[in-house]
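**Q** CSV, C-alpha atoms, file protein.csv:
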chain,number,residue,atom,x,y,z
H,1,MET,CA,-1.3,-17.5,15.9
H,2,LYS,CA,2.3,-16.5,15.3
H,3,LEU,CA,1.6,-13.1,13.9
H,4,ILE,CA,3.3,-11.4,16.8
H,5,HIS,CA,6.6,-12.4,15.1
H,6,ALA,CA,6.3,-9.2,13.0
H,7,LEU,CA,9.4,-7.4,13.8
H,8,ILE,CA,13.0,-8.0,12.7
H,9,GLY,CA,15.4,-6.9,15.4
H,10,VAL,CA,18.1,-4.7,13.8
H,11,ALA,CA,20.3,-1.9,15.0
H,12,LEU,CA,19.1,0.2,17.8
H,13,THR,CA,20.8,3.2,16.2
H,14,ALA,CA,18.2,4.8,14.0
H,15,ALA,CA,19.0,5.3,10.3
H,16,ILE,CA,17.6,8.8,10.5
H,17,SER,CA,16.7,11.3,13.2
H,18,GLN,CA,13.5,10.1,14.7
H,19,ALA,CA,13.1,13.5,16.2
H,20,ASP,CA,11.9,14.6,12.7
H,21,ILE,CA,9.1,12.0,12.6
H,22,SER,CA,5.6,12.9,13.9
H,23,TYR,CA,4.1,10.4,16.3
H,24,THR,CA,0.5,11.1,15.3
H,25,PRO,CA,-1.1,10.4,11.9
H,26,VAL,CA,-2.0,13.2,9.5
H,27,THR,CA,-5.7,12.4,9.6
H,28,VAL,CA,-7.5,14.8,12.0
H,29,GLY,CA,-9.6,12.9,14.5
H,30,ALA,CA,-7.9,9.6,13.7
H,31,THR,CA,-9.5,6.6,15.5
H,32,GLU,CA,-7.7,5.2,18.5
H,33,SER,CA,-6.7,2.1,16.4
H,34,ALA,CA,-5.2,4.2,13.6
H,35,ALA,CA,-3.3,6.4,16.1
H,36,LYS,CA,-1.9,3.3,17.7
H,37,LEU,CA,-1.0,1.7,14.4
H,38,TYR,CA,0.8,4.8,13.2
H,39,ASN,CA,2.5,5.3,16.5
H,40,PHE,CA,3.7,1.7,16.4
H,41,LEU,CA,5.3,2.3,13.0
H,42,ALA,CA,6.8,5.6,14.1
H,43,VAL,CA,8.3,4.3,17.4
H,44,ASN,CA,9.9,1.3,15.7
H,45,TYR,CA,11.1,3.2,12.6
H,46,GLY,CA,14.8,3.2,12.2
H,47,SER,CA,15.3,0.2,14.6
H,48,LYS,CA,12.9,-2.6,13.5
H,49,THR,CA,11.3,-3.7,10.3
H,50,VAL,CA,7.8,-5.2,10.0
H,51,SER,CA,7.7,-8.3,7.7
H,52,GLY,CA,4.8,-8.6,5.2
H,53,ILE,CA,3.3,-10.5,2.4
H,54,GLN,CA,0.8,-9.6,-0.4
H,55,THR,CA,-2.1,-11.8,-0.9
H,56,GLY,CA,-3.4,-12.8,-4.4
H,57,GLU,CA,-5.5,-16.0,-4.3
H,58,LEU,CA,-7.8,-16.2,-1.3
H,59,ASN,CA,-9.3,-19.2,0.4
H,60,PHE,CA,-12.9,-18.0,0.8
H,61,THR,CA,-13.7,-20.5,3.5
H,62,GLY,CA,-10.4,-20.3,5.4
H,63,ASN,CA,-9.2,-18.0,8.2
H,64,ILE,CA,-6.2,-15.7,7.9
H,65,THR,CA,-3.6,-18.4,8.6
H,66,GLU,CA,-5.2,-20.6,5.9
H,67,GLN,CA,-4.6,-18.1,3.1
H,68,PRO,CA,-2.2,-19.5,0.5
H,69,ASP,CA,0.3,-16.7,0.5
H,70,LEU,CA,0.6,-16.7,4.3
H,71,LYS,CA,1.0,-20.4,4.3
H,72,SER,CA,3.8,-20.0,1.8
H,73,VAL,CA,5.8,-17.8,4.2
H,74,ASP,CA,5.0,-20.0,7.1
H,75,SER,CA,6.2,-23.1,5.2
H,76,VAL,CA,9.7,-21.6,4.7
H,77,SER,CA,10.1,-19.7,8.0
H,78,ASN,CA,7.8,-21.4,10.5
H,79,LYS,CA,6.3,-17.9,11.2
H,80,PHE,CA,3.6,-15.8,9.8
H,81,PRO,CA,4.4,-12.2,8.8
H,82,ALA,CA,2.3,-9.6,10.7
H,83,LEU,CA,1.7,-7.2,7.8
H,84,VAL,CA,-0.7,-8.7,5.2
H,85,GLY,CA,-1.4,-6.9,1.9
H,86,PHE,CA,-4.9,-7.0,0.4
H,87,ASP,CA,-6.1,-5.5,-2.9
H,88,PHE,CA,-9.3,-3.8,-3.9
H,89,LEU,CA,-8.7,-5.2,-7.3
H,90,PHE,CA,-12.2,-6.5,-7.8
H,91,ALA,CA,-14.1,-3.8,-5.8
H,92,ASN,CA,-14.8,-1.5,-8.7
H,93,GLY,CA,-15.2,-1.8,-12.4
H,94,LYS,CA,-17.4,-3.4,-15.0
H,95,ASN,CA,-17.6,-6.7,-13.3
H,96,ALA,CA,-17.6,-5.6,-9.7
H,97,ASN,CA,-21.1,-6.9,-9.0
H,98,ASP,CA,-20.3,-10.5,-10.2
H,99,ASN,CA,-20.7,-12.9,-7.4
H,100,TRP,CA,-17.0,-14.1,-7.3
H,101,TYR,CA,-15.7,-10.5,-7.4
H,102,LYS,CA,-18.0,-9.5,-4.5
H,103,GLU,CA,-17.0,-12.5,-2.5
H,104,TYR,CA,-13.3,-11.8,-3.0
H,105,THR,CA,-13.7,-8.1,-1.9
H,106,ASN,CA,-15.8,-9.0,1.1
H,107,LYS,CA,-13.3,-11.7,2.1
H,108,THR,CA,-10.5,-9.1,2.1
H,109,ILE,CA,-12.4,-7.1,4.7
H,110,SER,CA,-13.3,-10.0,6.9
H,111,LEU,CA,-9.7,-11.2,6.8
H,112,ALA,CA,-8.4,-7.7,7.6
H,113,VAL,CA,-10.7,-7.6,10.7
H,114,GLU,CA,-9.5,-11.0,11.8
H,115,LEU,CA,-5.9,-10.1,11.2
H,116,TRP,CA,-6.2,-6.9,13.3
H,117,LYS,CA,-7.9,-8.8,16.2
H,118,ASN,CA,-4.9,-11.2,16.2
H,119,GLY,CA,-2.3,-8.5,16.4
H,120,GLY,CA,-1.6,-8.1,12.6
H,121,ILE,CA,-1.6,-5.2,10.3
H,122,PRO,CA,-3.8,-5.0,7.2
H,123,ALA,CA,-2.4,-3.1,4.2
H,124,PHE,CA,-4.6,-2.2,1.2
H,125,SER,CA,-3.6,-1.4,-2.3
H,126,TRP,CA,-6.1,-0.5,-5.0
H,127,HIS,CA,-5.7,-1.6,-8.6
H,128,TRP,CA,-8.5,0.8,-9.7
H,129,LYS,CA,-10.4,-0.5,-12.7
H,130,ASP,CA,-11.8,1.9,-15.3
H,131,PRO,CA,-14.2,4.2,-13.4
H,132,SER,CA,-16.4,4.5,-16.5
H,133,ASP,CA,-17.0,0.7,-16.4
H,134,SER,CA,-16.3,0.5,-20.1
H,135,VAL,CA,-13.7,-2.2,-19.7
H,136,ASP,CA,-12.5,-4.3,-16.8
H,137,ALA,CA,-9.0,-3.0,-16.8
H,138,PHE,CA,-6.6,-0.6,-15.0
H,139,TYR,CA,-3.6,-0.8,-17.4
H,140,VAL,CA,-3.1,1.6,-20.3
H,141,GLN,CA,-2.5,0.7,-23.9
H,142,GLY,CA,0.9,-0.9,-24.3
H,143,ALA,CA,1.1,-2.1,-20.8
H,144,ALA,CA,-1.2,-5.1,-21.1
H,145,GLU,CA,-3.5,-6.9,-23.5
H,146,SER,CA,-6.5,-5.6,-21.7
H,147,TYR,CA,-6.4,-1.9,-21.2
H,148,THR,CA,-8.4,1.3,-20.6
H,149,THR,CA,-8.4,4.7,-22.2
H,150,PHE,CA,-10.1,6.4,-19.3
H,151,ASP,CA,-9.1,10.0,-19.1
H,152,PHE,CA,-9.6,11.3,-15.6
H,153,THR,CA,-8.5,14.8,-16.6
H,154,LYS,CA,-11.9,15.3,-18.2
H,155,ALA,CA,-13.2,15.8,-14.6
H,156,PHE,CA,-11.2,19.1,-14.3
H,157,LYS,CA,-12.2,22.6,-15.4
H,158,THR,CA,-10.4,23.3,-18.6
H,159,GLY,CA,-6.8,24.3,-18.0
H,160,THR,CA,-6.9,23.9,-14.3
H,161,THR,CA,-6.7,21.3,-11.5
H,162,GLU,CA,-10.1,22.4,-10.1
H,163,TRP,CA,-12.7,19.7,-10.2
H,164,ASP,CA,-15.8,20.2,-12.4
H,165,THR,CA,-18.3,18.3,-10.2
H,166,THR,CA,-20.9,18.4,-13.0
H,167,THR,CA,-19.0,16.1,-15.4
H,168,ASP,CA,-19.7,12.4,-15.8
H,169,THR,CA,-16.1,11.7,-15.3
H,170,TYR,CA,-16.0,13.3,-11.9
H,171,LYS,CA,-19.2,11.5,-10.8
H,172,GLN,CA,-17.7,8.2,-11.9
H,173,ILE,CA,-14.5,8.8,-10.0
H,174,VAL,CA,-16.2,9.8,-6.7
H,175,ALA,CA,-18.7,6.9,-7.0
H,176,ASP,CA,-15.8,4.5,-7.0
H,177,ILE,CA,-14.1,6.3,-4.1
H,178,ASP,CA,-17.3,6.2,-2.1
H,179,GLU,CA,-17.5,2.4,-2.6
H,180,ILE,CA,-14.0,2.1,-1.1
H,181,SER,CA,-15.0,4.3,1.8
H,182,ALA,CA,-17.9,2.0,2.5
H,183,LEU,CA,-15.6,-1.0,2.7
H,184,PHE,CA,-13.3,0.9,5.1
H,185,LYS,CA,-16.3,1.9,7.1
H,186,THR,CA,-16.9,-1.8,7.8
H,187,LEU,CA,-13.3,-2.1,8.9
H,188,GLN,CA,-13.6,1.1,11.0
H,189,ASP,CA,-16.8,-0.1,12.7
H,190,SER,CA,-15.1,-3.3,13.7
H,191,GLY,CA,-12.4,-1.3,15.6
H,192,ALA,CA,-9.6,-2.2,13.1
H,193,ALA,CA,-7.2,0.1,11.4
H,194,ALA,CA,-5.2,-0.4,8.1
H,195,ILE,CA,-2.5,1.0,5.9
H,196,PHE,CA,-3.9,2.4,2.6
H,197,ARG,CA,-1.7,3.0,-0.5
H,198,PRO,CA,-3.9,4.6,-3.2
H,199,LEU,CA,-2.7,5.5,-6.8
H,200,HIS,CA,0.4,3.4,-6.3
H,201,GLU,CA,3.6,3.4,-8.4
H,202,CYS,CA,3.2,7.2,-9.0
H,203,GLY,CA,5.1,8.2,-12.1
H,204,GLY,CA,4.9,4.8,-13.7
H,205,ALA,CA,3.6,4.6,-17.3
H,206,TRP,CA,1.3,1.6,-16.9
H,207,PHE,CA,-1.7,2.6,-14.8
H,208,TRP,CA,-4.3,5.1,-16.0
H,209,TRP,CA,-3.8,7.4,-13.0
H,210,ASN,CA,-0.1,7.9,-13.8
H,211,THR,CA,-0.1,8.8,-17.5
H,212,LYS,CA,-1.2,12.5,-17.3
H,213,PRO,CA,0.8,15.5,-16.1
H,214,ALA,CA,1.9,15.3,-12.5
H,215,ALA,CA,-0.4,18.1,-11.1
H,216,TYR,CA,-3.4,16.1,-12.1
H,217,TYR,CA,-2.2,13.0,-10.3
H,218,ALA,CA,-1.5,15.0,-7.2
H,219,ALA,CA,-5.1,16.5,-7.3
H,220,LEU,CA,-6.6,13.0,-7.7
H,221,TYR,CA,-4.7,11.8,-4.7
H,222,ARG,CA,-5.9,14.7,-2.6
H,223,LEU,CA,-9.5,14.1,-3.8
H,224,ILE,CA,-9.3,10.4,-2.7
H,225,TYR,CA,-7.9,11.5,0.7
H,226,THR,CA,-10.5,14.2,1.3
H,227,ARG,CA,-13.4,12.2,0.0
H,228,ILE,CA,-12.6,9.3,2.2
H,229,THR,CA,-11.6,11.1,5.4
H,230,GLU,CA,-14.0,14.0,5.2
H,231,THR,CA,-17.0,13.0,3.1
H,232,GLY,CA,-16.8,9.4,4.2
H,233,ASN,CA,-15.6,10.2,7.7
H,234,ILE,CA,-13.1,7.4,7.5
H,235,LYS,CA,-10.5,7.9,10.2
H,236,ASN,CA,-8.9,4.5,10.6
H,237,LEU,CA,-6.2,4.7,7.9
H,238,VAL,CA,-2.5,5.2,7.8
H,239,TRP,CA,-1.9,6.8,4.4
H,240,VAL,CA,0.9,6.0,2.0
H,241,TRP,CA,2.2,7.9,-1.0
H,242,ASN,CA,4.1,5.6,-3.4
H,243,PRO,CA,6.3,7.3,-5.9
H,244,GLN,CA,8.7,5.5,-8.3
H,245,THR,CA,12.4,6.2,-8.2
H,246,PRO,CA,12.6,8.3,-11.4
H,247,ILE,CA,10.2,11.0,-10.1
H,248,PHE,CA,11.6,11.4,-6.6
H,249,ASN,CA,13.0,14.8,-7.6
H,250,GLN,CA,9.9,15.9,-9.4
H,251,ALA,CA,8.0,17.8,-6.7
H,252,GLU,CA,4.9,18.3,-8.8
H,253,TRP,CA,3.9,14.7,-8.3
H,254,ASN,CA,3.8,15.1,-4.5
H,255,PRO,CA,0.2,15.6,-3.2
H,256,GLY,CA,1.5,17.4,-0.1
H,257,SER,CA,2.8,16.1,3.2
H,258,THR,CA,-0.4,16.7,5.0
H,259,TYR,CA,-2.1,14.0,2.9
H,260,TYR,CA,0.1,11.0,3.8
H,261,ASP,CA,1.9,9.4,6.7
H,262,VAL,CA,4.4,7.2,4.9
H,263,ILE,CA,6.4,7.4,1.6
H,264,SER,CA,7.0,4.0,0.1
H,265,VAL,CA,8.8,2.7,-3.0
H,266,ASP,CA,8.4,-0.6,-5.0
H,267,ILE,CA,11.7,-2.4,-5.8
H,268,TYR,CA,11.9,-5.8,-7.5
H,269,ASN,CA,15.5,-7.1,-7.4
H,270,THR,CA,16.5,-10.3,-9.1
H,271,ALA,CA,15.8,-13.5,-7.2
H,272,PHE,CA,18.1,-14.1,-4.2
H,273,ASN,CA,19.4,-10.5,-4.2
H,274,TYR,CA,18.9,-9.5,-0.6
H,275,GLU,CA,20.4,-6.0,-0.8
H,276,SER,CA,19.1,-3.3,1.5
H,277,ASN,CA,18.2,-1.0,-1.4
H,278,ALA,CA,20.2,1.7,0.4
H,279,SER,CA,20.5,3.8,-2.8
H,280,ALA,CA,16.8,4.3,-3.0
H,281,PHE,CA,16.5,4.9,0.7
H,282,LYS,CA,19.2,7.6,0.6
H,283,ASN,CA,17.6,9.1,-2.5
H,284,MET,CA,14.4,9.4,-0.6
H,285,VAL,CA,16.1,11.2,2.3
H,286,THR,CA,17.7,13.6,-0.2
H,287,ASN,CA,14.4,14.4,-1.9
H,288,PHE,CA,11.9,14.1,0.8
H,289,GLY,CA,13.8,14.8,4.0
H,290,THR,CA,13.5,12.9,7.2
H,291,GLY,CA,10.0,13.9,8.3
H,292,LYS,CA,8.2,10.8,7.0
H,293,ILE,CA,8.4,7.1,7.5
H,294,PHE,CA,9.9,5.2,4.5
H,295,ALA,CA,8.7,1.7,3.6
H,296,LEU,CA,9.3,-0.9,0.9
H,297,SER,CA,5.7,-1.5,-0.2
H,298,GLU,CA,6.4,-4.1,-2.9
H,299,ASN,CA,9.5,-6.2,-3.5
H,300,GLY,CA,10.7,-9.6,-4.7
H,301,PRO,CA,13.4,-11.0,-2.4
H,302,ILE,CA,13.4,-9.6,1.1
H,303,PRO,CA,16.1,-7.1,2.2
H,304,ASP,CA,18.5,-8.8,4.7
H,305,ALA,CA,18.3,-7.2,8.2
H,306,SER,CA,22.1,-7.2,8.6
H,307,LEU,CA,22.5,-5.3,5.3
H,308,MET,CA,19.8,-2.8,6.3
H,309,GLN,CA,21.7,-2.2,9.5
H,310,ALA,CA,25.1,-1.9,7.8
H,311,ASP,CA,23.8,0.5,5.2
H,312,SER,CA,21.6,2.6,7.6
H,313,ALA,CA,18.7,1.9,5.4
H,314,ILE,CA,16.1,0.4,7.7
H,315,TRP,CA,12.7,0.3,6.1
H,316,ALA,CA,9.5,0.4,8.2
H,317,TRP,CA,8.3,-2.7,6.4
H,318,TYR,CA,8.8,-4.8,3.4
H,319,MET,CA,6.1,-6.8,1.5
H,320,PRO,CA,7.0,-9.4,-1.2
H,321,TRP,CA,4.3,-9.7,-3.8
H,322,TYR,CA,2.2,-12.9,-3.8
H,323,GLN,CA,3.4,-16.5,-4.2
H,324,SER,CA,0.0,-17.5,-5.6
H,325,TRP,CA,-1.4,-16.7,-9.0
H,326,SER,CA,2.0,-17.9,-10.4
H,327,GLY,CA,3.7,-14.9,-8.8
H,328,ASN,CA,6.3,-17.1,-6.9
H,329,PHE,CA,7.8,-14.1,-5.1
H,330,VAL,CA,8.2,-15.9,-1.8
H,331,SER,CA,10.4,-18.4,-3.6
H,332,GLN,CA,12.8,-15.6,-4.6
H,333,THR,CA,14.1,-15.7,-1.0
H,334,LYS,CA,15.9,-18.8,0.2
H,335,ASN,CA,14.4,-20.6,3.2
H,336,THR,CA,17.5,-19.9,5.2
H,337,VAL,CA,17.2,-16.2,4.6
H,338,TRP,CA,13.5,-16.2,5.5
H,339,LYS,CA,14.3,-18.0,8.8
H,340,ALA,CA,17.1,-15.7,9.7
H,341,ASN,CA,15.1,-12.6,9.0
H,342,LEU,CA,11.7,-13.3,10.5
Let's see the structure in the file written out as structure tokens.
**A**
Amino acid sequence: MKLIHALIGVALTAAISQADISYTPVTVGATESAAKLYNFLAVNYGSKTVSGIQTGELNFTGNITEQPDLKSVDSVSNKFPALVGFDFLFANGKNANDNWYKEYTNKTISLAVELWKNGGIPAFSWHWKDPSDSVDAFYVQGAAESYTTFDFTKAFKTGTTEWDTTTDTYKQIVADIDEISALFKTLQDSGAAAIFRPLHECGGAWFWWNTKPAAYYAALYRLIYTRITETGNIKNLVWVWNPQTPIFNQAEWNPGSTYYDVISVDIYNTAFNYESNASAFKNMVTNFGTGKIFALSENGPIPDASLMQADSAIWAWYMPWYQSWSGNFVSQTKNTVWKANL
């Protein structure tokens, strides 16, 4: 496999002071694999960028290099990216027990194990379907034709951000979180580690977890973290908090620096725009300081390594969204740019 071609060589001069970065993950008692993964990211941060790709369509009978989105990158660069994004899109919700949904979810785990054993890095997102199982949707009204009206704030004691564990809403939420813990337990038992980005695109107005006041979002993020790491005893994850640019300066959205290792942002430039996204990077430094790793967790065209170097905006990784399912995001970067940057 060519997954070892993960790193883009860029400037040896760090974009920020690496002395501010911890070299151990926030999770107490992290597994050896998680500690090594986080340390790898921390050591290379500011000098090298890990290349990635998000998966959409999966080949249920194929190995990791036979997955459509990885093949798309290989076809234009003759290399496979080392970081591969998976999604718990079908792990919860009204239809989660349908055979195809279960097969998709189980395949993400088996592929993540295979990827890890071959030197790659699994990265999980979670498009969390309505925890009440009323509809098979995660968008809110106005964001998509299929939407949910699930109100997670009904799980709090009135007027507070303290959880009311007797409510049906709370029980529905933790049941879903526990299902995700069980999936990560399989990964942990295999010896693999992974990156996990829950409640992504914080501050956006399209997912049910982002449309309530910020303090409730932050409490939900902390619940996911503690439920997985403490109740589930899952210690093999590198945690990512993923705010959107408009709320960088709104501290109330931040769940707290002890709950995540990495801060990431999603930026979709127009096709063939390979800018470094330095303005976002510098905005993150201004608002979050230099104590965390910064990553580009979703993007269209890839940022050019020479521009990242010139702008002192060297992301820990980038991850174009999928080519499959008519996404066509790999095609937003010219073949010559792929080859020059992988």
**Q** Please, which residues are within 7 Å of (-4.4, -2.8, -14.9) by the file's coordinates, counting all atoms listed in the file, and could they come as a list in words?
**A**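 Checked against the point, the hits come out as His127, Lys129, Ala137, Phe138, Tyr139, Tyr147 and Phe207 of chain H.
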**Q** Now that the selection is made, can you save its residues with C-alpha atoms as an mmCIF file, in the frame of the given file?
**A**
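Contents of the output file result20.cif:
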data_model
loop_
_atom_site.group_PDB
_atom_site.id
_atom_site.type_symbol
_atom_site.label_atom_id
_atom_site.label_comp_id
_atom_site.auth_asym_id
_atom_site.auth_seq_id
_atom_site.Cartn_x
_atom_site.Cartn_y
_atom_site.Cartn_z
ATOM 1 C CA HIS H 127 -5.700 -1.600 -8.600
ATOM 2 C CA LYS H 129 -10.400 -0.500 -12.700
ATOM 3 C CA ALA H 137 -9.000 -3.000 -16.800
ATOM 4 C CA PHE H 138 -6.600 -0.600 -15.000
ATOM 5 C CA TYR H 139 -3.600 -0.800 -17.400
ATOM 6 C CA TYR H 147 -6.400 -1.900 -21.200
ATOM 7 C CA PHE H 207 -1.700 2.600 -14.800
#
**Q** Just give me the gap between CA of Ile173 in chain H and CA of Ala112 in chain H in Å, one decimal is fine.
**A**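 Between these atoms lies a distance of 24.9 Å.
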**Q** Report the distance between CA of Tyr225 in chain H and CA of Ser257 in chain H in Å, rounded to one decimal place.
**A**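 Calculated distance between CA of Tyr225 in chain H and CA of Ser257 in chain H is 11.9 Å.
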**Q** So that I can see what lies close to range 310-317 of chain H, please list as a list in words the residues with an atom at most 7 Å from it, counting only C-alpha atoms and leaving out residues fewer than 2 positions away in the same chain.
**A**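 Once the adjacent positions are removed, what remains is Ala15, Leu41, Tyr45, Gly46, Ser47, Lys48, Thr49, Val50, Ser51, Gly52, Ser276, Ala278, Phe281, Ile293, Phe294, Ala295, Leu296, Ser306, Leu307, Met308 and Met319 of chain H.
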**Q** Just want the 10 Å neighbourhood of Asn63 in chain H, counted on all atoms listed in the file, with same-chain residues fewer than 6 positions away dropped. Output as a JSON list (two decimals) with C-alpha atoms, keeping the file's coordinate frame.
**A**
[["chain", "number", "residue", "atom", "x", "y", "z"],
["H", 107, "LYS", "CA", -13.30, -11.70, 2.10],
["H", 110, "SER", "CA", -13.30, -10.00, 6.90],
["H", 111, "LEU", "CA", -9.70, -11.20, 6.80],
["H", 114, "GLU", "CA", -9.50, -11.00, 11.80],
["H", 115, "LEU", "CA", -5.90, -10.10, 11.20]]
**Q** Taking into account all atoms listed in the file, which residue in the set H:Tyr217, H:Tyr318, H:Phe88, H:Tyr268 is nearest to Gln332 in chain H?
**A**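 Result for the nearest residue to Gln332 in chain H: H:Tyr268.
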**Q** Identify, on the basis of all atoms listed in the file, every residue whose closest approach to Lys235 in chain H does not exceed 8 Å; exclude the query and any residue fewer than 3 positions from it along the same chain; express the result as number ranges by chain.
**A** H: 27-31, 34, 188, 229
**Q** Name all residues at most 8 Å from Tyr104 in chain H (count only C-alpha atoms; drop same-chain ones fewer than 4 positions away) and give them as a list in words.
**A**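 So, after excluding close chain neighbours, the residues are Leu58, Phe60, Phe90, Trp100 and Thr108 of chain H.
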**Q** What separation in Å, quoted to one decimal, exists between CA of Val84 in chain H and CA of Thr270 in chain H?
**A**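 Between CA of Val84 in chain H and CA of Thr270 in chain H the gap is 22.4 Å.
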**Q** Every residue with an atom at most 9 Å from (-14.2, -1.9, 3.7) (file coordinates; all atoms listed in the file) is what I'm after, so could you write them as a ChimeraX atom specification?
**A** /H:105-106,108-110,179-188
**Q** Could you tell me which of H:Ile247, H:Met284, H:Trp239, H:Val337 comes closest to Val262 in chain H if we count all atoms listed in the file?
**A**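 Smallest distance to Val262 in chain H is found for H:Trp239.
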**Q** Restricting the calculation to only C-alpha atoms, which member of H:Ser125, H:Thr336, H:Thr166, H:Asn273 is positioned closest to Val240 in chain H?
**A**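 Answer, going by the shortest atom-to-atom distance: H:Ser125.
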**Q** Of the candidates H:Thr290, H:Ser134, H:Asn269, H:Thr211, which one gets nearest to Thr333 in chain H if we count all atoms listed in the file?
**A**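 Checking each of H:Thr290, H:Ser134, H:Asn269, H:Thr211 against Thr333 in chain H, counting all atoms listed in the file, the winner is H:Asn269.
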